[in-house]
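Data block for coords-v9.cif (mmCIF, C-alpha atoms):
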data_entry
loop_
_atom_site.label_atom_id
_atom_site.label_comp_id
_atom_site.auth_asym_id
_atom_site.auth_seq_id
_atom_site.Cartn_x
_atom_site.Cartn_y
_atom_site.Cartn_z
CA MET R 792 126.58 95.24 85.98
CA ASP R 793 123.24 94.50 84.33
CA VAL R 794 120.04 95.01 86.32
CA LEU R 795 116.47 93.73 85.95
CA VAL R 796 113.53 95.83 87.19
CA ILE R 797 110.25 94.00 87.76
CA GLY R 798 106.96 95.85 87.32
CA THR R 799 104.92 97.99 84.96
CA GLY R 800 104.14 101.24 86.76
CA GLY R 801 105.43 104.72 87.40
CA ARG R 802 107.74 103.70 90.21
CA GLU R 803 109.40 101.16 87.92
CA HIS R 804 109.82 103.70 85.11
CA ALA R 805 111.42 106.13 87.58
CA LEU R 806 113.77 103.39 88.82
CA VAL R 807 114.70 102.40 85.27
CA ARG R 808 115.37 106.03 84.42
CA ALA R 809 117.69 106.46 87.41
CA LEU R 810 119.51 103.18 86.76
CA ALA R 811 119.93 103.89 83.05
CA ALA R 812 121.82 107.07 83.99
CA ASP R 813 123.90 105.27 86.62
CA PRO R 814 127.59 104.93 85.64
CA GLY R 815 127.76 101.58 87.43
CA ILE R 816 125.09 99.99 85.24
CA ASP R 817 125.92 98.48 81.85
CA ALA R 818 122.40 97.52 80.75
CA VAL R 819 118.88 97.79 82.17
CA HIS R 820 116.19 95.18 81.60
CA ALA R 821 112.54 95.57 82.60
CA ALA R 822 109.74 93.02 82.85
CA PRO R 823 107.07 93.46 81.74
CA GLY R 824 107.72 97.22 81.57
CA ASN R 825 105.71 99.89 79.78
CA PRO R 826 106.18 102.25 76.80
CA GLY R 827 108.24 104.61 78.97
CA THR R 828 110.64 101.96 80.23
CA ALA R 829 110.91 100.61 76.66
CA GLU R 830 112.79 103.78 75.72
CA LEU R 831 115.49 103.06 78.31
CA ALA R 832 115.54 99.30 78.87
CA THR R 833 115.16 95.98 77.09
CA LEU R 834 111.70 94.62 77.85
CA HIS R 835 110.86 90.99 78.62
CA GLU R 836 107.54 89.25 79.07
CA VAL R 837 107.13 87.78 82.54
CA ASP R 838 104.41 87.52 85.15
CA PRO R 839 105.69 89.62 88.09
CA MET R 840 103.80 87.32 90.48
CA ASP R 841 105.54 84.17 89.22
CA GLY R 842 108.67 83.83 91.35
CA VAL R 843 110.00 80.86 89.40
CA ALA R 844 109.62 82.71 86.08
CA VAL R 845 111.24 85.88 87.42
CA ALA R 846 114.15 83.90 88.89
CA ARG R 847 114.58 82.02 85.60
CA LEU R 848 114.65 85.26 83.63
CA ALA R 849 117.20 86.80 85.99
CA SER R 850 119.44 83.75 85.60
CA GLU R 851 119.09 83.69 81.81
CA LEU R 852 120.00 87.37 81.56
CA ASP R 853 122.88 86.89 84.01
CA VAL R 854 122.02 90.14 85.80
CA GLY R 855 123.88 91.27 88.88
CA LEU R 856 120.77 92.68 90.56
CA VAL R 857 117.00 92.29 90.46
CA VAL R 858 114.83 95.17 91.72
CA ILE R 859 111.21 94.27 92.48
CA GLY R 860 108.99 97.33 92.27
CA PRO R 861 105.40 96.41 93.26
CA GLU R 862 104.22 95.24 96.66
CA ALA R 863 102.19 92.21 95.55
CA PRO R 864 105.18 90.20 94.22
CA LEU R 865 107.13 91.00 97.39
CA VAL R 866 104.30 89.80 99.62
CA ALA R 867 104.03 86.69 97.41
CA GLY R 868 107.71 85.84 97.96
CA VAL R 869 109.15 86.62 94.54
CA ALA R 870 112.28 88.11 96.13
CA ASP R 871 112.83 84.82 97.99
CA ALA R 872 112.62 82.90 94.71
CA VAL R 873 115.19 85.17 93.07
CA ARG R 874 117.63 84.89 95.97
CA ALA R 875 117.15 81.11 95.98
CA VAL R 876 118.88 80.90 92.57
CA GLY R 877 121.80 83.01 93.77
CA VAL R 878 120.87 86.37 92.22
CA PRO R 879 121.02 89.44 94.49
CA CYS R 880 117.56 90.96 94.88
CA PHE R 881 116.47 94.35 96.22
CA GLY R 882 113.26 93.65 98.09
CA PRO R 883 112.31 92.04 101.40
CA SER R 884 111.38 88.43 101.99
CA ALA R 885 107.73 87.43 102.03
CA GLU R 886 107.81 87.28 105.81
CA ALA R 887 109.31 90.77 106.18
CA ALA R 888 106.97 92.11 103.48
CA ARG R 889 104.06 91.40 105.82
CA LEU R 890 104.77 94.89 107.16
CA GLU R 891 102.75 96.05 104.16
CA GLY R 892 100.81 92.88 103.45
CA SER R 893 99.08 92.92 106.84
CA LYS R 894 98.36 96.06 108.81
CA ALA R 895 97.66 93.90 111.85
CA PHE R 896 101.17 92.41 111.57
CA ALA R 897 102.66 95.88 111.21
CA LYS R 898 100.87 97.00 114.37
CA ASP R 899 102.21 93.96 116.22
CA VAL R 900 105.78 94.77 115.13
CA MET R 901 105.39 98.43 116.09
CA THR R 902 104.03 97.49 119.50
CA ALA R 903 106.95 95.15 120.14
CA ALA R 904 109.45 97.78 118.98
CA ALA R 905 107.79 100.66 120.89
CA VAL R 906 107.28 102.57 117.64
CA PRO R 907 104.84 105.50 118.03
CA THR R 908 101.64 104.86 116.10
CA ALA R 909 97.89 105.22 116.39
CA GLU R 910 96.00 103.14 118.92
CA ALA R 911 94.16 100.43 116.97
CA ARG R 912 91.94 97.37 117.14
CA VAL R 913 91.98 94.42 114.74
CA CYS R 914 88.42 93.36 113.92
CA THR R 915 87.08 90.21 112.27
CA SER R 916 83.37 90.49 113.10
CA HIS R 917 80.62 93.08 112.80
CA ASP R 918 80.29 93.34 116.58
CA GLU R 919 84.02 94.00 116.95
CA VAL R 920 83.84 96.67 114.24
CA GLU R 921 80.93 98.46 115.88
CA ALA R 922 82.62 98.36 119.28
CA ALA R 923 85.82 99.81 117.82
CA LEU R 924 83.95 102.58 116.01
CA ASP R 925 82.21 103.41 119.29
CA ALA R 926 85.52 103.46 121.15
CA PHE R 927 87.42 105.73 118.76
CA GLY R 928 84.62 107.93 117.49
CA PRO R 929 84.78 110.20 114.43
CA PRO R 930 86.66 110.82 112.25
CA TYR R 931 86.59 107.06 111.70
CA VAL R 932 89.72 105.40 110.28
CA VAL R 933 89.05 101.95 108.78
CA LYS R 934 91.82 100.03 107.00
CA ASP R 935 91.61 96.81 105.03
CA ASP R 936 94.16 94.49 106.64
CA GLY R 937 95.53 93.32 103.28
CA LEU R 938 96.90 94.90 100.12
CA ALA R 939 94.52 97.32 98.44
CA GLY R 940 96.64 99.37 96.04
CA GLY R 941 96.57 102.44 98.27
CA LYS R 942 92.76 102.52 98.21
CA GLY R 943 91.90 100.29 101.18
CA VAL R 944 91.63 103.09 103.73
CA VAL R 945 88.53 105.10 104.57
CA VAL R 946 88.70 108.20 106.74
CA THR R 947 85.22 109.61 107.29
CA ASP R 948 82.85 111.29 109.72
CA ASP R 949 80.03 109.14 108.33
CA ARG R 950 79.48 106.15 110.62
CA GLN R 951 77.60 104.20 107.93
CA VAL R 952 80.38 104.68 105.36
CA ALA R 953 82.92 103.42 107.89
CA SER R 954 80.79 100.42 108.80
CA ASP R 955 80.09 99.54 105.16
CA HIS R 956 83.81 99.63 104.29
CA ALA R 957 84.58 97.34 107.21
CA ARG R 958 81.89 94.88 106.11
CA ALA R 959 83.49 94.66 102.66
CA CYS R 960 86.78 93.44 104.16
CA ASP R 961 87.62 90.07 105.70
CA ARG R 962 89.64 91.70 108.46
CA VAL R 963 90.08 95.37 109.25
CA VAL R 964 92.17 97.58 111.46
CA ILE R 965 90.23 100.40 113.06
CA GLU R 966 92.30 103.08 114.70
CA GLU R 967 92.26 106.52 116.24
CA TYR R 968 92.41 109.49 113.91
CA LEU R 969 95.79 111.20 113.70
CA ASP R 970 95.78 114.96 113.24
CA GLY R 971 98.50 116.98 111.51
CA PRO R 972 100.19 116.86 108.10
CA GLU R 973 101.38 113.57 106.63
CA VAL R 974 104.93 112.95 105.45
CA SER R 975 106.56 110.07 103.58
CA LEU R 976 110.05 108.99 104.59
CA PHE R 977 111.78 106.22 102.65
CA ALA R 978 114.83 104.34 103.89
CA ILE R 979 117.07 101.85 102.13
CA CYS R 980 117.74 99.09 104.65
CA GLY R 981 120.19 96.21 104.75
CA TRP R 982 121.35 93.57 107.17
CA SER R 983 124.36 91.34 107.71
CA GLU R 984 125.44 89.05 110.52
CA ALA R 985 128.62 91.06 110.98
CA ASP R 986 127.12 94.55 111.00
CA GLY R 987 123.47 94.05 111.93
CA THR R 988 121.01 96.52 110.43
CA THR R 989 121.98 99.51 108.29
CA VAL R 990 119.47 102.27 107.54
CA HIS R 991 120.03 105.00 104.95
CA PRO R 992 117.04 107.37 104.99
CA LEU R 993 116.17 109.42 101.93
CA GLN R 994 114.88 112.96 102.23
CA PRO R 995 111.22 113.43 103.20
CA ALA R 996 108.49 113.88 100.60
CA GLN R 997 104.76 114.52 100.72
CA ASP R 998 102.10 112.98 98.52
CA PHE R 999 98.43 113.78 97.92
CA LYS R 1000 96.10 110.80 98.21
CA ARG R 1001 92.63 112.19 97.54
CA ILE R 1002 91.38 112.45 93.97
CA HIS R 1003 90.16 116.08 94.14
CA ASP R 1004 91.64 119.43 95.09
CA GLY R 1005 91.57 120.35 98.75
CA ASP R 1006 91.95 116.69 99.75
CA GLN R 1007 88.39 115.90 98.76
CA GLY R 1008 86.95 112.66 97.39
CA PRO R 1009 88.09 109.05 97.74
CA ASN R 1010 91.64 107.88 98.31
CA THR R 1011 93.80 107.01 95.32
CA GLY R 1012 97.24 105.52 94.92
CA GLY R 1013 98.55 109.10 94.93
CA MET R 1014 97.85 112.11 92.71
CA GLY R 1015 101.15 113.94 93.09
CA ALA R 1016 104.14 114.54 95.35
CA TYR R 1017 107.01 116.90 96.03
CA THR R 1018 110.31 117.16 97.86
CA PRO R 1019 112.00 118.64 99.88
CA LEU R 1020 109.70 119.72 102.72
CA THR R 1021 111.13 123.06 103.79
CA TRP R 1022 108.45 123.38 106.47
CA ALA R 1023 109.26 120.08 108.20
CA PRO R 1024 111.29 120.06 111.44
CA ASP R 1025 115.05 120.08 110.86
CA ASP R 1026 115.52 116.98 113.02
CA LEU R 1027 112.65 114.99 111.47
CA VAL R 1028 114.82 112.48 109.59
CA ASP R 1029 117.05 111.85 112.60
CA GLU R 1030 114.05 111.46 114.91
CA VAL R 1031 112.20 109.06 112.62
CA THR R 1032 115.32 107.02 111.97
CA ARG R 1033 115.89 106.70 115.72
CA THR R 1034 112.30 106.08 116.85
CA VAL R 1035 110.67 104.37 113.85
CA LEU R 1036 112.92 102.98 111.13
CA ARG R 1037 115.75 101.44 113.10
CA PRO R 1038 113.55 99.94 115.85
CA THR R 1039 111.32 98.36 113.19
CA VAL R 1040 114.09 96.69 111.21
CA ASP R 1041 115.83 95.67 114.44
CA GLU R 1042 112.61 94.00 115.62
CA LEU R 1043 112.29 92.11 112.34
CA ALA R 1044 115.90 90.94 112.65
CA ARG R 1045 115.19 89.82 116.22
CA ARG R 1046 112.31 87.73 114.86
CA GLY R 1047 114.64 86.06 112.38
CA THR R 1048 113.31 87.88 109.31
CA PRO R 1049 115.78 90.70 108.60
CA PHE R 1050 114.60 93.43 106.26
CA ALA R 1051 116.56 94.12 103.06
CA GLY R 1052 114.96 96.63 100.75
CA LEU R 1053 113.00 99.87 100.88
CA LEU R 1054 111.06 100.64 104.05
CA TYR R 1055 108.50 103.40 103.54
CA ALA R 1056 107.13 105.07 106.64
CA GLY R 1057 103.93 107.05 106.20
CA LEU R 1058 103.96 109.52 109.07
CA ALA R 1059 101.59 111.97 110.71
CA LEU R 1060 103.16 114.98 112.44
CA THR R 1061 100.53 115.19 115.16
CA SER R 1062 100.09 117.58 118.07
CA ARG R 1063 101.49 114.76 120.25
CA GLY R 1064 104.53 114.10 118.07
CA VAL R 1065 105.41 111.85 115.12
CA ARG R 1066 103.15 108.83 114.61
CA VAL R 1067 103.33 106.05 112.00
CA VAL R 1068 100.25 105.88 109.77
CA GLU R 1069 101.43 102.88 107.74
CA PHE R 1070 104.43 101.00 106.41
CA ASN R 1071 105.11 100.05 102.81
CA VAL R 1072 107.96 97.78 101.75
CA ARG R 1073 108.83 99.26 98.35
CA PHE R 1074 109.38 102.56 96.63
CA GLY R 1075 106.16 104.56 96.86
CA ASP R 1076 104.40 105.98 93.85
CA PRO R 1077 104.36 108.96 93.17
CA GLU R 1078 106.97 110.07 95.77
CA THR R 1079 109.65 108.04 93.98
CA GLN R 1080 109.46 110.30 90.93
CA PRO R 1081 110.52 113.59 92.58
CA LEU R 1082 112.92 111.86 94.97
CA LEU R 1083 114.89 110.13 92.23
CA ALA R 1084 114.83 113.31 90.15
CA LEU R 1085 116.80 115.01 92.95
CA LEU R 1086 119.07 112.08 93.89
CA ASP R 1087 122.66 113.17 93.23
CA SER R 1088 124.54 109.99 94.17
CA PRO R 1089 124.27 106.79 92.09
CA LEU R 1090 121.30 104.56 92.93
CA SER R 1091 122.83 101.17 92.15
CA PRO R 1092 125.36 101.00 95.03
CA LEU R 1093 122.55 101.57 97.53
CA LEU R 1094 120.29 98.91 96.01
CA LEU R 1095 123.10 96.38 95.58
CA GLY R 1096 124.42 97.05 99.08
CA ALA R 1097 121.01 96.33 100.57
CA ALA R 1098 120.65 93.20 98.45
CA THR R 1099 124.07 91.76 99.32
CA GLY R 1100 124.41 92.69 103.00
CA THR R 1101 127.10 95.33 102.30
CA LEU R 1102 125.03 98.49 102.74
CA THR R 1103 127.16 99.55 105.70
CA ASP R 1104 130.01 100.10 103.20
CA VAL R 1105 127.91 102.39 100.99
CA PRO R 1106 127.82 106.14 101.78
CA PRO R 1107 124.40 107.67 102.49
CA PRO R 1108 122.62 109.23 99.51
CA THR R 1109 123.29 112.85 98.55
CA TRP R 1110 120.88 115.32 96.98
CA LYS R 1111 120.90 118.00 94.33
CA PRO R 1112 119.88 121.51 95.36
CA GLY R 1113 116.42 122.72 94.49
CA ALA R 1114 113.11 120.86 94.49
CA ALA R 1115 111.06 118.43 92.43
CA VAL R 1116 107.30 118.11 91.92
CA ALA R 1117 105.29 115.31 90.27
CA VAL R 1118 101.70 115.77 89.09
CA VAL R 1119 99.72 112.62 88.20
CA MET R 1120 97.32 112.59 85.27
CA ALA R 1121 94.65 109.92 85.77
CA SER R 1122 92.11 108.37 83.42
CA LYS R 1123 88.40 109.03 83.32
CA GLY R 1124 86.54 107.33 86.18
CA TYR R 1125 89.56 106.84 88.44
CA PRO R 1126 89.70 105.71 91.25
CA GLU R 1127 86.40 103.81 91.05
CA THR R 1128 87.08 102.65 87.48
CA SER R 1129 89.47 103.55 84.70
CA SER R 1130 89.13 104.22 80.98
CA HIS R 1131 91.46 102.27 78.69
CA GLY R 1132 92.46 102.90 75.08
CA ASP R 1133 92.19 106.70 75.07
CA VAL R 1134 94.87 108.24 72.84
CA ILE R 1135 97.45 110.36 74.67
CA VAL R 1136 98.99 113.30 72.83
CA GLY R 1137 101.68 115.81 73.75
CA THR R 1138 104.23 113.72 75.63
CA ASP R 1139 106.64 114.09 72.72
CA THR R 1140 106.75 117.87 73.32
CA LEU R 1141 108.64 117.20 76.57
CA THR R 1142 111.17 114.73 75.16
CA HIS R 1143 114.04 117.22 75.07
CA ASP R 1144 113.07 119.28 78.12
CA THR R 1145 115.89 118.91 80.65
CA ALA R 1146 113.79 120.17 83.57
CA VAL R 1147 110.57 118.21 82.91
CA HIS R 1148 110.05 114.55 82.12
CA VAL R 1149 107.09 112.20 81.81
CA ILE R 1150 106.98 109.02 83.89
CA HIS R 1151 104.67 106.37 82.40
CA ALA R 1152 102.41 104.26 84.61
CA GLY R 1153 99.14 103.13 83.00
CA THR R 1154 100.10 103.46 79.34
CA ALA R 1155 100.28 101.11 76.35
CA LEU R 1156 100.95 101.22 72.61
CA THR R 1157 98.07 100.38 70.26
CA ASP R 1158 98.57 100.64 66.50
CA GLY R 1159 101.51 102.93 67.10
CA HIS R 1160 99.56 105.27 69.36
CA LEU R 1161 100.26 105.87 73.05
CA VAL R 1162 97.02 105.11 74.92
CA THR R 1163 95.72 104.90 78.46
CA ALA R 1164 95.93 101.48 80.13
CA GLY R 1165 95.24 102.12 83.79
CA GLY R 1166 93.94 104.48 86.43
CA ARG R 1167 97.02 106.59 87.01
CA VAL R 1168 98.28 107.12 83.49
CA LEU R 1169 101.45 109.17 83.88
CA ALA R 1170 103.23 111.63 86.14
CA VAL R 1171 104.74 114.86 84.89
CA THR R 1172 107.84 115.45 87.02
CA ALA R 1173 109.82 118.68 87.09
CA VAL R 1174 112.94 119.98 88.82
CA GLY R 1175 113.31 123.64 89.79
CA THR R 1176 115.21 126.05 91.99
CA ASP R 1177 112.52 125.70 94.66
CA VAL R 1178 109.11 124.05 95.06
CA ALA R 1179 107.25 126.93 93.43
CA ASP R 1180 109.52 126.85 90.38
CA ALA R 1181 109.31 123.05 90.04
CA ARG R 1182 105.54 123.21 90.48
CA ALA R 1183 105.14 125.80 87.72
CA LYS R 1184 107.24 123.68 85.35
CA ALA R 1185 105.31 120.52 86.17
CA TYR R 1186 101.94 122.14 85.50
CA ASP R 1187 103.27 123.64 82.28
CA GLY R 1188 104.11 120.09 81.25
CA VAL R 1189 100.64 118.87 82.22
CA ALA R 1190 99.12 121.58 80.02
CA ARG R 1191 100.96 120.16 77.00
CA ILE R 1192 99.50 116.65 77.41
CA SER R 1193 95.92 115.59 76.79
CA PHE R 1194 93.70 112.53 76.52
CA PRO R 1195 89.91 112.11 76.77
CA GLY R 1196 88.66 112.35 80.34
CA ALA R 1197 92.05 113.24 81.82
CA GLN R 1198 91.88 114.36 85.43
CA TRP R 1199 94.52 115.83 87.70
CA ARG R 1200 94.70 117.90 90.85
CA ARG R 1201 95.46 121.61 90.51
CA ASP R 1202 96.84 122.02 94.04
CA ILE R 1203 99.83 119.67 94.22
CA ALA R 1204 102.50 121.40 96.35
CA ALA R 1205 100.49 124.65 96.32
CA GLY R 1206 101.81 127.20 98.79
CA ARG R 1207 104.83 125.05 99.65
#
Whole structure, structure tokens version:
Amino acid sequence: MDVLVIGTGGREHALVRALAADPGIDAVHAAPGNPGTAELATLHEVDPMDGVAVARLASELDVGLVVIGPEAPLVAGVADAVRAVGVPCFGPSAEAARLEGSKAFAKDVMTAAAVPTAEARVCTSHDEVEAALDAFGPPYVVKDDGLAGGKGVVVTDDRQVASDHARACDRVVIEEYLDGPEVSLFAICGWSEADGTTVHPLQPAQDFKRIHDGDQGPNTGGMGAYTPLTWAPDDLVDEVTRTVLRPTVDELARRGTPFAGLLYAGLALTSRGVRVVEFNVRFGDPETQPLLALLDSPLSPLLLGAATGTLTDVPPPTWKPGAAVAVVMASKGYPETSSHGDVIVGTDTLTHDTAVHVIHAGTALTDGHLVTAGGRVLAVTAVGTDVADARAKAYDGVARISFPGAQWRRDIAAGR
């Protein structure tokens, strides 16, 4: 089977890498791709937001599966356009993708499904914002209702900062602050009339959102991640599957919009129990990098099963022993801005390292040179016997790579 991966970032490179090593895949195509995916897949020019163009390309290539990586095309209905021409597509419909596209919609679904989450208010006016901030008090949690590339959330003790962020958004969700560590749990979900919903959770991971060490500074799309979480409760996956994942996809099916794709639950392990912080509807970046590095079973049967309504026939994923850590190297100015065109050196020193690999995100080729082309430039991902070993290998890889203004956190997975 041939497969087409849509997107340009680190999550797409990680998916291409896993699919290229999959014995069930004959050829991998990527569109538009990046210099990293170009080493493993045939690249094609296409606008990921143009559903008609993506569907046409999938038909012309005669692929057996399309995998849509980014959230914006999913919210825009690109998966619907691909399925409309008869090509199986891993990714939810536009209606189901509202779980990520609208935090207010996600709250409505969680309320209907009795999913544990933070108490919240949806605000569309300044008066409503101020009343909500009064009601919840500090730390203030203010979320842009729409897509914001992982940077639409402000958590602050500063009332003015919270109010200013709310004013910059058309509609916001203001909610109570959730204490405790945060965990990411992905699940591959499918649905069929005969079997209903099927949920195959992956193993938990943890990412680091703030730009600076010690969780300081503004939120980013993610500066690093690791898996497994040896400190997490043994029954965490079972509990979240029972109380969060399955009730959510069952509620969507009840509404006539079954979910087929990757459901990402951002969780807080609070003093009052597990609470949902947010939902995403696609593989998260950078958690995807360490998770796929440890995936032992083939990826394609899971993706195809979700896309074709046969996931119930696919065994749950299995995992290699050990641990994996990903450290993101970002460009100068990120997350407020990003520097483009800076020459990157040193990635070639890791080409033949079996324990460490470089996942490209914001990179490009200019005059034969690998250069920066985005905020999060690349992620150095390493596998080791445990988290400490994988962490040491990842940071050794980071030390071999350089570009002007490069910034990265020094505390990813520290002490884990």
Would you give me, as CSV, each residue of range 1061-1134 of chain R having an atom within 9 Å of an atom of range 990-1004 of chain R, along with its shortest atom pair and that distance in Å to one decimal, using all atoms listed in the file and sorting by chain and residue number?
residue,atom,partner,partner_atom,distance
R:Asp1076,CA,R:Asp998,CA,8.7
R:Pro1077,CA,R:Asp998,CA,7.1
R:Glu1078,CA,R:Asp998,CA,6.3
R:Thr1079,CA,R:Ala996,CA,8.9
R:Pro1081,CA,R:Ala996,CA,8.3
R:Leu1082,CA,R:Ala996,CA,7.4
R:Leu1086,CA,R:Leu993,CA,9.0
R:Leu1093,CA,R:His991,CA,8.6
R:Leu1102,CA,R:Val990,CA,8.3
R:Thr1103,CA,R:Val990,CA,8.4
R:Pro1106,CA,R:His991,CA,8.5
R:Pro1107,CA,R:His991,CA,5.7
R:Pro1108,CA,R:Leu993,CA,6.9
R:Thr1109,CA,R:Leu993,CA,8.6
R:Trp1110,CA,R:Gln994,CA,8.3
R:Tyr1125,CA,R:Ile1002,CA,8.1
R:Pro1126,CA,R:Ile1002,CA,7.5
Cut-off 12 Å around (92.5, 112.6, 79.4) with only C-alpha atoms: residues as a ChimeraX atom specification: /R:1119-1125,1129-1137,1154,1162-1169,1189-1199
Preceding selection exported with C-alpha atoms as a PDB file, in the frame of the given file:
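That gives us part.pdb:
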ATOM      1  CA  VAL R1119      99.720 112.620  88.200  1.00  0.00           C
ATOM      2  CA  MET R1120      97.320 112.590  85.270  1.00  0.00           C
ATOM      3  CA  ALA R1121      94.650 109.920  85.770  1.00  0.00           C
ATOM      4  CA  SER R1122      92.110 108.370  83.420  1.00  0.00           C
ATOM      5  CA  LYS R1123      88.400 109.030  83.320  1.00  0.00           C
ATOM      6  CA  GLY R1124      86.540 107.330  86.180  1.00  0.00           C
ATOM      7  CA  TYR R1125      89.560 106.840  88.440  1.00  0.00           C
ATOM      8  CA  SER R1129      89.470 103.550  84.700  1.00  0.00           C
ATOM      9  CA  SER R1130      89.130 104.220  80.980  1.00  0.00           C
ATOM     10  CA  HIS R1131      91.460 102.270  78.690  1.00  0.00           C
ATOM     11  CA  GLY R1132      92.460 102.900  75.080  1.00  0.00           C
ATOM     12  CA  ASP R1133      92.190 106.700  75.070  1.00  0.00           C
ATOM     13  CA  VAL R1134      94.870 108.240  72.840  1.00  0.00           C
ATOM     14  CA  ILE R1135      97.450 110.360  74.670  1.00  0.00           C
ATOM     15  CA  VAL R1136      98.990 113.300  72.830  1.00  0.00           C
ATOM     16  CA  GLY R1137     101.680 115.810  73.750  1.00  0.00           C
ATOM     17  CA  THR R1154     100.100 103.460  79.340  1.00  0.00           C
ATOM     18  CA  VAL R1162      97.020 105.110  74.920  1.00  0.00           C
ATOM     19  CA  THR R1163      95.720 104.900  78.460  1.00  0.00           C
ATOM     20  CA  ALA R1164      95.930 101.480  80.130  1.00  0.00           C
ATOM     21  CA  GLY R1165      95.240 102.120  83.790  1.00  0.00           C
ATOM     22  CA  GLY R1166      93.940 104.480  86.430  1.00  0.00           C
ATOM     23  CA  ARG R1167      97.020 106.590  87.010  1.00  0.00           C
ATOM     24  CA  VAL R1168      98.280 107.120  83.490  1.00  0.00           C
ATOM     25  CA  LEU R1169     101.450 109.170  83.880  1.00  0.00           C
ATOM     26  CA  VAL R1189     100.640 118.870  82.220  1.00  0.00           C
ATOM     27  CA  ALA R1190      99.120 121.580  80.020  1.00  0.00           C
ATOM     28  CA  ARG R1191     100.960 120.160  77.000  1.00  0.00           C
ATOM     29  CA  ILE R1192      99.500 116.650  77.410  1.00  0.00           C
ATOM     30  CA  SER R1193      95.920 115.590  76.790  1.00  0.00           C
ATOM     31  CA  PHE R1194      93.700 112.530  76.520  1.00  0.00           C
ATOM     32  CA  PRO R1195      89.910 112.110  76.770  1.00  0.00           C
ATOM     33  CA  GLY R1196      88.660 112.350  80.340  1.00  0.00           C
ATOM     34  CA  ALA R1197      92.050 113.240  81.820  1.00  0.00           C
ATOM     35  CA  GLN R1198      91.880 114.360  85.430  1.00  0.00           C
ATOM     36  CA  TRP R1199      94.520 115.830  87.700  1.00  0.00           C
TER      37      TRP R1199
END
Selection result of the PyMOL selection byres ((chain R and resi 848) around 12) on this file, as a ChimeraX atom specification: /R:794-797,820-823,834-839,841-847,849-854,856-857,872-873,876,878
Could those residues be written to a file, using C-alpha atoms, as a short mmCIF file (atom, residue, chain, number, x, y, z; two decimals), in the coordinates of the input?
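Printed below is selection-v3.cif as written:
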data_model
loop_
_atom_site.label_atom_id
_atom_site.label_comp_id
_atom_site.auth_asym_id
_atom_site.auth_seq_id
_atom_site.Cartn_x
_atom_site.Cartn_y
_atom_site.Cartn_z
CA VAL R 794 120.04 95.01 86.32
CA LEU R 795 116.47 93.73 85.95
CA VAL R 796 113.53 95.83 87.19
CA ILE R 797 110.25 94.00 87.76
CA HIS R 820 116.19 95.18 81.60
CA ALA R 821 112.54 95.57 82.60
CA ALA R 822 109.74 93.02 82.85
CA PRO R 823 107.07 93.46 81.74
CA LEU R 834 111.70 94.62 77.85
CA HIS R 835 110.86 90.99 78.62
CA GLU R 836 107.54 89.25 79.07
CA VAL R 837 107.13 87.78 82.54
CA ASP R 838 104.41 87.52 85.15
CA PRO R 839 105.69 89.62 88.09
CA ASP R 841 105.54 84.17 89.22
CA GLY R 842 108.67 83.83 91.35
CA VAL R 843 110.00 80.86 89.40
CA ALA R 844 109.62 82.71 86.08
CA VAL R 845 111.24 85.88 87.42
CA ALA R 846 114.15 83.90 88.89
CA ARG R 847 114.58 82.02 85.60
CA ALA R 849 117.20 86.80 85.99
CA SER R 850 119.44 83.75 85.60
CA GLU R 851 119.09 83.69 81.81
CA LEU R 852 120.00 87.37 81.56
CA ASP R 853 122.88 86.89 84.01
CA VAL R 854 122.02 90.14 85.80
CA LEU R 856 120.77 92.68 90.56
CA VAL R 857 117.00 92.29 90.46
CA ALA R 872 112.62 82.90 94.71
CA VAL R 873 115.19 85.17 93.07
CA VAL R 876 118.88 80.90 92.57
CA VAL R 878 120.87 86.37 92.22
#
9 Å contact set for Asp970 in chain R, only C-alpha atoms, chain neighbours under 6 positions out, as a ChimeraX atom specification: /R:1059-1062
Interatomic distance, CA of Ala1098 in chain R to CA of Phe881 in chain R (Å, one decimal): 4.9 Å
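In this structure, CA of Val1147 in chain R sits 14.1 Å away from CA of Asp1177 in chain R.
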Output check: residues returned by the PyMOL selection byres ((chain R and resi 903-907) around 9), as number ranges by chain: R: 898-902, 908-909, 1034-1036, 1038-1039, 1041-1042, 1064-1067
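Note that CA of Val913 in chain R and CA of Val963 in chain R are 5.9 Å apart.
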Close residues, Ser1091 in chain R itself excluded, 7 Å, only C-alpha atoms, min 3 positions apart in chain, as a list of chain:residue names: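 What passes the distance filter is R:Leu810, R:Asp813, R:Gly815, R:Leu1094, R:Leu1095.
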Write the residues of the preceding selection, restricted to C-alpha atoms, as a JSON list (two decimals), keeping the file's coordinate frame.
[["chain", "number", "residue", "atom", "x", "y", "z"],
["R", 810, "LEU", "CA", 119.51, 103.18, 86.76],
["R", 813, "ASP", "CA", 123.90, 105.27, 86.62],
["R", 815, "GLY", "CA", 127.76, 101.58, 87.43],
["R", 1094, "LEU", "CA", 120.29, 98.91, 96.01],
["R", 1095, "LEU", "CA", 123.10, 96.38, 95.58]]
Nearest-residue call for Leu865 in chain R, choices R:Gly1052, R:Gly937, R:Gly877, R:Pro972, using only C-alpha atoms: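 When distances to Leu865 in chain R are compared using only C-alpha atoms, the smallest one comes from R:Gly1052.
Residue neighbourhood of Pro883 in chain R, excluding near-sequence residues (fewer than 4 positions): Ile859, Glu862, Leu865, Val866, Gly868, Val869, Ala870, Asp871, Ala887, Ala888, Arg889, Leu890, Cys980, Gly981, Thr1048, Pro1049, Phe1050, Ala1051, Gly1052, Leu1053, Leu1054, Val1072, Arg1073, Ala1097 and Ala1098 of chain R, at 10 Å, using all atoms listed in the file.
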